[in-house]
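Shown below: start.txt, with compact mmCIF, C-alpha atoms and all ligand atoms.
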```txt
# COMPACT_ATOMS: atom_id res chain seq x y z
CA MET A 2 28.65 13.77 -11.77
CA THR A 3 25.61 12.85 -9.68
CA THR A 4 25.26 9.39 -8.18
CA LYS A 5 21.81 7.88 -8.52
CA ALA A 6 20.28 6.90 -5.17
CA LYS A 7 19.70 3.20 -4.55
CA GLN A 8 16.02 2.29 -4.82
CA ILE A 9 13.96 -0.52 -3.35
CA ARG A 10 10.26 -1.36 -3.60
CA SER A 11 8.39 -0.45 -0.44
CA HIS A 12 5.01 0.51 1.03
CA CYS A 13 4.64 4.31 1.00
CA PRO A 14 2.23 5.45 3.78
CA ASN A 15 0.79 7.91 1.28
CA CYS A 16 0.80 6.11 -2.11
CA GLY A 17 0.40 2.46 -1.06
CA PRO A 18 2.28 -0.80 -1.72
CA ALA A 19 5.08 -1.63 -4.19
CA ARG A 20 6.35 1.92 -4.79
CA TYR A 21 9.91 2.74 -5.75
CA ALA A 22 11.60 4.48 -2.85
CA ASN A 23 15.04 6.10 -2.59
CA VAL A 24 17.24 4.65 0.14
CA LEU A 25 18.38 7.65 2.20
CA PHE A 26 20.09 5.51 4.83
CA GLU A 27 20.65 1.80 5.34
CA HIS A 28 21.79 0.04 8.50
CA LYS A 29 22.43 -3.66 9.01
CA ALA A 30 22.85 -5.39 12.37
CA THR A 31 23.42 -9.09 13.00
CA ALA A 32 23.35 -10.91 16.32
CA THR A 33 24.56 -14.52 16.70
CA ASP A 34 24.11 -16.91 19.59
CA GLU A 35 27.57 -18.38 20.10
CA ASP A 36 26.35 -21.64 21.64
CA THR A 37 23.76 -22.58 19.03
CA GLY A 38 24.89 -20.60 15.98
CA VAL A 39 21.37 -19.23 15.59
CA TRP A 40 21.44 -15.69 14.22
CA GLU A 41 19.15 -12.82 13.29
CA THR A 42 19.71 -9.87 11.03
CA ILE A 43 17.81 -6.60 10.99
CA THR A 44 18.26 -4.32 8.01
CA SER A 45 16.77 -0.87 8.58
CA TYR A 46 16.05 1.59 5.81
CA MET A 47 15.19 5.24 5.89
CA LEU A 48 13.31 5.76 2.63
CA GLU A 49 11.93 8.55 0.51
CA CYS A 50 8.99 7.74 -1.77
CA GLY A 51 9.97 8.26 -5.41
CA GLY A 52 6.51 9.70 -6.11
CA CYS A 53 5.28 11.86 -3.21
CA LYS A 54 8.67 12.30 -1.44
CA THR A 55 7.26 11.16 1.94
CA VAL A 56 10.01 9.91 4.26
CA PHE A 57 9.32 6.62 6.06
CA PHE A 58 11.05 3.53 7.49
CA GLN A 59 11.29 -0.14 6.66
CA GLU A 60 12.80 -2.94 8.74
CA ASN A 61 13.64 -6.37 7.28
CA PHE A 62 14.03 -9.09 9.87
CA VAL A 63 15.64 -12.42 8.95
CA PHE A 64 15.97 -15.29 11.42
CA SER A 65 18.34 -18.17 10.62
CA GLU A 66 15.73 -20.79 11.56
CA ASP A 67 13.25 -19.30 9.06
CA ILE A 68 15.36 -19.96 5.97
CA GLY A 69 13.64 -22.49 3.74
CA PRO A 70 14.45 -24.00 0.32
CA ASP A 71 13.17 -20.82 -1.39
CA GLY A 72 15.49 -18.57 0.57
CA PRO A 73 14.97 -16.49 3.70
CA ASP A 74 11.51 -15.72 5.02
CA ILE A 75 11.83 -11.95 5.50
CA ARG A 76 9.50 -10.31 8.00
CA ILE A 77 8.97 -6.75 6.89
CA ALA A 78 7.71 -3.94 9.11
CA TYR A 79 6.93 -0.40 7.96
CA TYR A 80 6.77 2.78 10.01
CA PRO A 81 4.21 4.26 9.78
CA ALA A 82 2.40 0.95 9.28
CA PRO A 83 0.27 0.27 6.15
CA ALA A 84 -2.71 -0.22 8.51
CA LYS A 85 -2.36 3.39 9.66
CA ARG A 86 -5.68 5.17 9.51
CA LYS A 87 -6.35 8.89 9.40
CA ARG A 88 -8.22 10.04 12.49
CA PRO A 89 -11.54 11.56 11.39
CA ASP A 90 -12.13 15.31 11.79
CA TRP A 91 -14.77 14.67 14.47
CA PHE A 92 -12.33 12.70 16.59
CA THR A 93 -12.02 15.23 19.43
CA LEU A 94 -12.90 14.95 23.10
CA PHE A 95 -15.11 18.00 22.59
CA ASP A 96 -17.24 16.16 20.01
CA LEU A 97 -17.27 12.74 21.69
CA GLU A 98 -17.94 14.09 25.21
CA ASP A 99 -16.75 10.86 26.88
CA SER A 100 -13.10 10.43 27.81
CA GLY A 101 -13.41 6.62 28.02
CA LEU A 102 -14.66 6.43 24.45
CA TYR A 103 -12.04 8.94 23.30
CA ASP A 104 -9.19 6.99 24.94
CA LEU A 105 -10.30 3.66 23.44
CA LEU A 106 -10.49 5.14 19.94
CA ASN A 107 -7.13 6.82 20.45
CA GLU A 108 -5.45 3.58 21.53
CA THR A 109 -6.98 1.74 18.58
CA TYR A 110 -5.61 4.33 16.11
CA ASN A 111 -2.21 4.02 17.81
CA ALA A 112 -2.36 0.21 17.46
CA LEU A 113 -3.11 0.65 13.72
CA ASN A 114 -0.14 2.99 13.36
CA VAL A 115 2.28 0.35 14.64
CA ASP A 116 0.63 -2.53 12.73
CA ALA A 117 -0.72 -4.14 15.95
CA ARG A 118 -3.68 -5.50 13.96
CA VAL A 119 -5.00 -8.08 16.43
CA LEU A 120 -5.05 -5.42 19.15
CA ALA A 121 -6.77 -2.96 16.79
CA ALA A 122 -9.52 -5.49 15.93
CA THR A 123 -10.18 -6.28 19.60
CA GLY A 124 -10.00 -2.53 20.30
CA ALA A 125 -12.77 -1.87 17.77
CA ARG A 126 -14.98 -4.37 19.60
CA THR A 127 -14.18 -2.74 22.95
CA ILE A 128 -15.16 0.66 21.48
CA PHE A 129 -18.53 -0.85 20.55
CA ASP A 130 -18.83 -2.18 24.12
CA ARG A 131 -18.18 1.23 25.67
CA ALA A 132 -20.54 2.93 23.24
CA SER A 133 -23.39 0.54 24.02
CA GLU A 134 -22.82 1.08 27.74
CA LEU A 135 -23.13 4.85 27.17
CA LEU A 136 -26.41 4.12 25.37
CA LYS A 137 -27.61 2.45 28.59
CA ILE A 138 -27.29 -1.16 27.42
CA ASP A 139 -26.53 -3.61 30.23
CA PRO A 140 -22.75 -4.38 30.08
CA ALA A 141 -23.37 -7.93 31.34
CA LEU A 142 -25.22 -8.95 28.15
CA THR A 143 -23.55 -10.91 25.34
CA PHE A 144 -22.62 -9.06 22.14
CA GLY A 145 -25.62 -10.56 20.35
CA GLN A 146 -28.01 -9.49 23.13
CA LYS A 147 -26.52 -5.98 23.11
CA LEU A 148 -27.18 -5.71 19.38
CA ASP A 149 -30.77 -6.90 19.90
CA GLU A 150 -31.28 -4.28 22.63
CA LEU A 151 -29.76 -1.50 20.54
CA GLN A 152 -32.09 -2.36 17.68
CA ALA A 153 -35.15 -2.74 19.96
CA LYS A 154 -34.48 0.72 21.46
CA GLY A 155 -34.20 2.25 18.00
CA HIS A 156 -30.47 3.12 18.20
CA ILE A 157 -29.57 1.06 15.12
CA SER A 158 -31.32 -0.18 11.99
CA SER A 159 -31.35 -3.82 10.88
CA SER A 160 -28.63 -3.17 8.29
CA GLU A 161 -26.43 -1.46 10.87
CA ARG A 162 -27.06 -4.38 13.22
CA ALA A 163 -25.69 -6.72 10.53
CA HIS A 164 -22.55 -4.57 10.15
CA LEU A 165 -21.95 -4.37 13.90
CA ASP A 166 -22.48 -8.12 14.16
CA ILE A 167 -19.52 -8.59 11.79
CA LEU A 168 -17.48 -6.10 13.80
CA THR A 169 -18.01 -7.98 17.09
CA ASP A 170 -17.40 -11.34 15.39
CA ALA A 171 -14.13 -10.04 13.88
CA GLY A 172 -13.05 -8.81 17.33
CA GLY A 173 -13.81 -12.26 18.77
CA ALA A 174 -11.93 -14.03 15.96
CA ALA A 175 -8.87 -11.84 16.59
CA ALA A 176 -9.05 -12.28 20.36
CA HIS A 177 -9.83 -16.01 20.56
CA ARG A 178 -9.47 -17.71 17.17
CA GLY A 179 -5.99 -16.65 16.06
CA TRP A 180 -7.22 -14.45 13.22
CA LYS A 181 -4.86 -11.69 12.08
CA PRO A 182 -6.78 -9.24 9.87
CA LYS A 183 -5.19 -7.77 6.74
CA PRO A 184 -4.93 -3.95 6.49
CA GLY A 185 -7.91 -3.79 4.06
CA GLN A 186 -10.07 -5.91 6.39
CA LEU A 187 -9.19 -3.67 9.33
CA ASP A 188 -10.16 -0.68 7.23
CA THR A 189 -13.67 -2.14 6.89
CA ILE A 190 -13.85 -2.88 10.63
CA MET A 191 -12.82 0.70 11.43
CA SER A 192 -15.35 2.11 8.94
CA ILE A 193 -18.13 0.17 10.73
CA VAL A 194 -17.16 1.33 14.21
CA GLU A 195 -16.50 4.93 13.11
CA SER A 196 -19.85 5.28 11.37
CA PHE A 197 -21.67 3.95 14.46
CA ILE A 198 -19.80 6.29 16.83
CA HIS A 199 -20.17 9.25 14.49
CA ARG A 200 -23.91 8.80 14.07
CA LYS A 201 -24.76 8.16 17.73
CA PHE A 202 -22.32 10.48 19.50
CA VAL A 203 -21.47 13.27 17.07
CA LEU A 204 -24.13 13.66 14.39
CA GLU A 205 -27.11 13.42 16.76
CA SER A 206 -25.95 16.37 18.89
CA GLU A 207 -25.09 18.34 15.73
CA VAL A 208 -28.59 17.71 14.37
CA LYS A 209 -30.17 18.81 17.69
CA ARG A 210 -28.14 22.04 17.58
CA LEU A 211 -29.11 22.68 13.96
CA LYS A 212 -32.77 22.05 14.72
CA ALA A 213 -32.70 24.64 17.52
CA GLN A 214 -31.12 27.20 15.19
CA LEU A 215 -33.66 26.96 12.36
CA PRO A 216 -36.40 29.61 12.10
CA ARG A 217 -39.71 28.16 13.19
CA ARG A 218 -42.22 27.01 10.61
CA GLN A 219 -45.25 29.20 10.12
CA LYS A 220 -48.44 27.28 10.79
CA ARG A 221 -50.56 27.05 7.67
CA LYS A 222 -54.04 28.41 7.90
CA LYS A 223 -56.58 25.67 7.54
CA LYS A 224 -58.84 25.93 4.54
CA THR A 225 -62.43 26.27 5.54
ZN ZN B 1 4.45 8.10 -1.85
```
Taking this structure as input, can you express it in the form of structure tokens?
Amino acid sequence: MTTKAKQIRSHCPNCGPARYANVLFEHKATATDEDTGVWETITSYMLECGGCKTVFFQENFVFSEDIGPDGPDIRIAYYPAPAKRKRPDWFTLFDLEDSGLYDLLNETYNALNVDARVLAATGARTIFDRASELLKIDPALTFGQKLDELQAKGHISSSERAHLDILTDAGGAAAHRGWKPKPGQLDTIMSIVESFIHRKFVLESEVKRLKAQLPRRQKRKKKT
């Protein structure tokens, strides 16, 4: 006789939210403060996605002071986090050629992996800052002035300026206005910063290399 594994709904890093997952292991730990009676419980699950068989982790945190009339307010964390983003193929120090830029991108991807979304949003803005400095824009300027300069020097188009304006505003909202972006919103922020970095620091050198490798055009004889 086979026993059917217990299943819960969880966020598979591969398939997305609300997937049935087999519970491979479950661990519950409670800590109580003897003086106040305040307690917290952490239930940890090692899970296997019922669809793609990926193994991942979920942690449910319940705090006694968070229990309202509708029951406990469970804070759920997933490892890897739903905000996790695949590093693009061009994300190498060889392609980027600047270790400062590489490190900032790397730290931002790491923040996404552990669901540190506010840090990831401010990280995306810092990546833009470093990139504009590499493009010889004065670091002392405001974000708006940097965008103006980038456009005036022909580094970005007006539509890209509009996208980058949202990116810097989102970074400011996360850093100073208490905004915590949702995974889908962070995805958009990362798409904006990645496309800017890719075009200015990876694609441009690839295009230069390709141009040098093409056979030269024959000059057409002028008709007389
Ligand atoms: Zn899955």
Enumerate, in order of chain and increasing residue number, the residues of chain A with an atom no farther than 12 Å from ligand ZN 1 (chain B), each with its shortest atom pair and distance in Å to one decimal, counting all atoms listed in the file, as a Markdown table.
```
| residue | atom | partner | partner_atom | distance |
| --- | --- | --- | --- | --- |
| A:Arg10 | CA | B:ZN1 | ZN | 11.2 |
| A:Ser11 | CA | B:ZN1 | ZN | 9.5 |
| A:His12 | CA | B:ZN1 | ZN | 8.1 |
| A:Cys13 | CA | B:ZN1 | ZN | 4.7 |
| A:Pro14 | CA | B:ZN1 | ZN | 6.6 |
| A:Asn15 | CA | B:ZN1 | ZN | 4.8 |
| A:Cys16 | CA | B:ZN1 | ZN | 4.2 |
| A:Gly17 | CA | B:ZN1 | ZN | 7.0 |
| A:Pro18 | CA | B:ZN1 | ZN | 9.2 |
| A:Ala19 | CA | B:ZN1 | ZN | 10.0 |
| A:Arg20 | CA | B:ZN1 | ZN | 7.1 |
| A:Tyr21 | CA | B:ZN1 | ZN | 8.6 |
| A:Ala22 | CA | B:ZN1 | ZN | 8.1 |
| A:Asn23 | CA | B:ZN1 | ZN | 10.8 |
| A:Leu48 | CA | B:ZN1 | ZN | 10.2 |
| A:Glu49 | CA | B:ZN1 | ZN | 7.9 |
| A:Cys50 | CA | B:ZN1 | ZN | 4.6 |
| A:Gly51 | CA | B:ZN1 | ZN | 6.6 |
| A:Gly52 | CA | B:ZN1 | ZN | 5.0 |
| A:Cys53 | CA | B:ZN1 | ZN | 4.1 |
| A:Lys54 | CA | B:ZN1 | ZN | 6.0 |
| A:Thr55 | CA | B:ZN1 | ZN | 5.6 |
| A:Val56 | CA | B:ZN1 | ZN | 8.5 |
| A:Phe57 | CA | B:ZN1 | ZN | 9.4 |
| A:Pro83 | CA | B:ZN1 | ZN | 11.9 |
```
Out of A:Lys181, A:Lys201, A:Lys209, A:Arg131, which residue has the shortest atom-to-atom distance to Gly155 (chain A) when counting all atoms listed in the file?
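The closest residue to Gly155 (chain A) is A:Lys201.
Residues lying within 10 Å of region 25-38 of chain A, counting only C-alpha atoms and ignoring same-chain neighbours fewer than 3 positions away, are Ala6, Lys7, Gln8, Ala22, Glu41, Thr42, Ile43, Thr44, Ser45, Tyr46, Met47, Leu48, Glu49, Val56, Phe57, Phe58, Gln59, Glu60, Asn61, Phe62, Val63, Phe64 and Ser65 of chain A.
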Which of these residues is nearest to Val39 (chain A), using all atoms listed in the file: A:Glu66, A:Leu136, A:Glu207, A:Pro216?
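Among the listed residues, the smallest separation from Val39 (chain A) belongs to A:Glu66.
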Considering all atoms listed in the file, give me a table of residues in region 123-210 of chain A that are at most 8 Å from region 97-118 of chain A, with the closest atom pair and distance in Å for each, as JSON lines.
```
{"residue": "A:Gly124", "atom": "CA", "partner": "A:Thr109", "partner_atom": "CA", "distance": 5.5}
{"residue": "A:Ala125", "atom": "CA", "partner": "A:Thr109", "partner_atom": "CA", "distance": 6.9}
{"residue": "A:Thr127", "atom": "CA", "partner": "A:Leu105", "partner_atom": "CA", "distance": 7.5}
{"residue": "A:Ile128", "atom": "CA", "partner": "A:Leu105", "partner_atom": "CA", "distance": 6.0}
{"residue": "A:Arg131", "atom": "CA", "partner": "A:Leu102", "partner_atom": "CA", "distance": 6.4}
{"residue": "A:Ala132", "atom": "CA", "partner": "A:Leu102", "partner_atom": "CA", "distance": 6.9}
{"residue": "A:Lys181", "atom": "CA", "partner": "A:Arg118", "partner_atom": "CA", "distance": 6.6}
{"residue": "A:Pro182", "atom": "CA", "partner": "A:Arg118", "partner_atom": "CA", "distance": 6.4}
{"residue": "A:Lys183", "atom": "CA", "partner": "A:Arg118", "partner_atom": "CA", "distance": 7.7}
{"residue": "A:Pro184", "atom": "CA", "partner": "A:Arg118", "partner_atom": "CA", "distance": 7.7}
{"residue": "A:Leu187", "atom": "CA", "partner": "A:Arg118", "partner_atom": "CA", "distance": 7.4}
{"residue": "A:Phe202", "atom": "CA", "partner": "A:Leu97", "partner_atom": "CA", "distance": 6.0}
{"residue": "A:Val203", "atom": "CA", "partner": "A:Leu97", "partner_atom": "CA", "distance": 6.3}
```
Expressed in Å, the length from CA of Leu148 (chain A) to CA of Asp166 (chain A) is 7.4 Å
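Between CA of Arg86 (chain A) and CA of Met191 (chain A) the separation is 8.6 Å.
Note that the spacing between CA of Leu120 (chain A) and CA of Glu134 (chain A) amounts to 20.8 Å.
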What's the 10 Å shell around Phe144 (chain A), counting all atoms listed in the file, without same-chain residues fewer than 6 positions away, as a list in words?
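Residues near the query, excluding close chain neighbours: Arg126, Phe129, Asp130, Ser133, Glu150, Leu165, Asp166, Thr169, Asp170 and Gly173 of chain A.
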Which one of A:Lys147, A:His156, A:His177, A:Arg200 sits closest to Ala122 (chain A) if you count all atoms listed in the file?
A:His177
Nearest to Ser192 (chain A), restricted to only C-alpha atoms and choosing among A:Arg76, A:Leu215, A:Glu161, A:Ala176, comes out as A:Glu161
Could the centre and edge lengths of an axis-aligned box, enclosing all atoms of region 79-91 of chain A in the file with 4 Å extra on each side, be given in Å to one decimal as AutoDock Vina command-line options?
```
--center_x -3.9 --center_y 7.5 --center_z 10.3 --size_x 29.7 --size_y 23.7 --size_z 16.3
```
In terms of only C-alpha atoms, the residue from A:Ile77, A:Gly172, A:Val194, A:Glu205 at minimal distance from Val119 (chain A) is A:Gly172
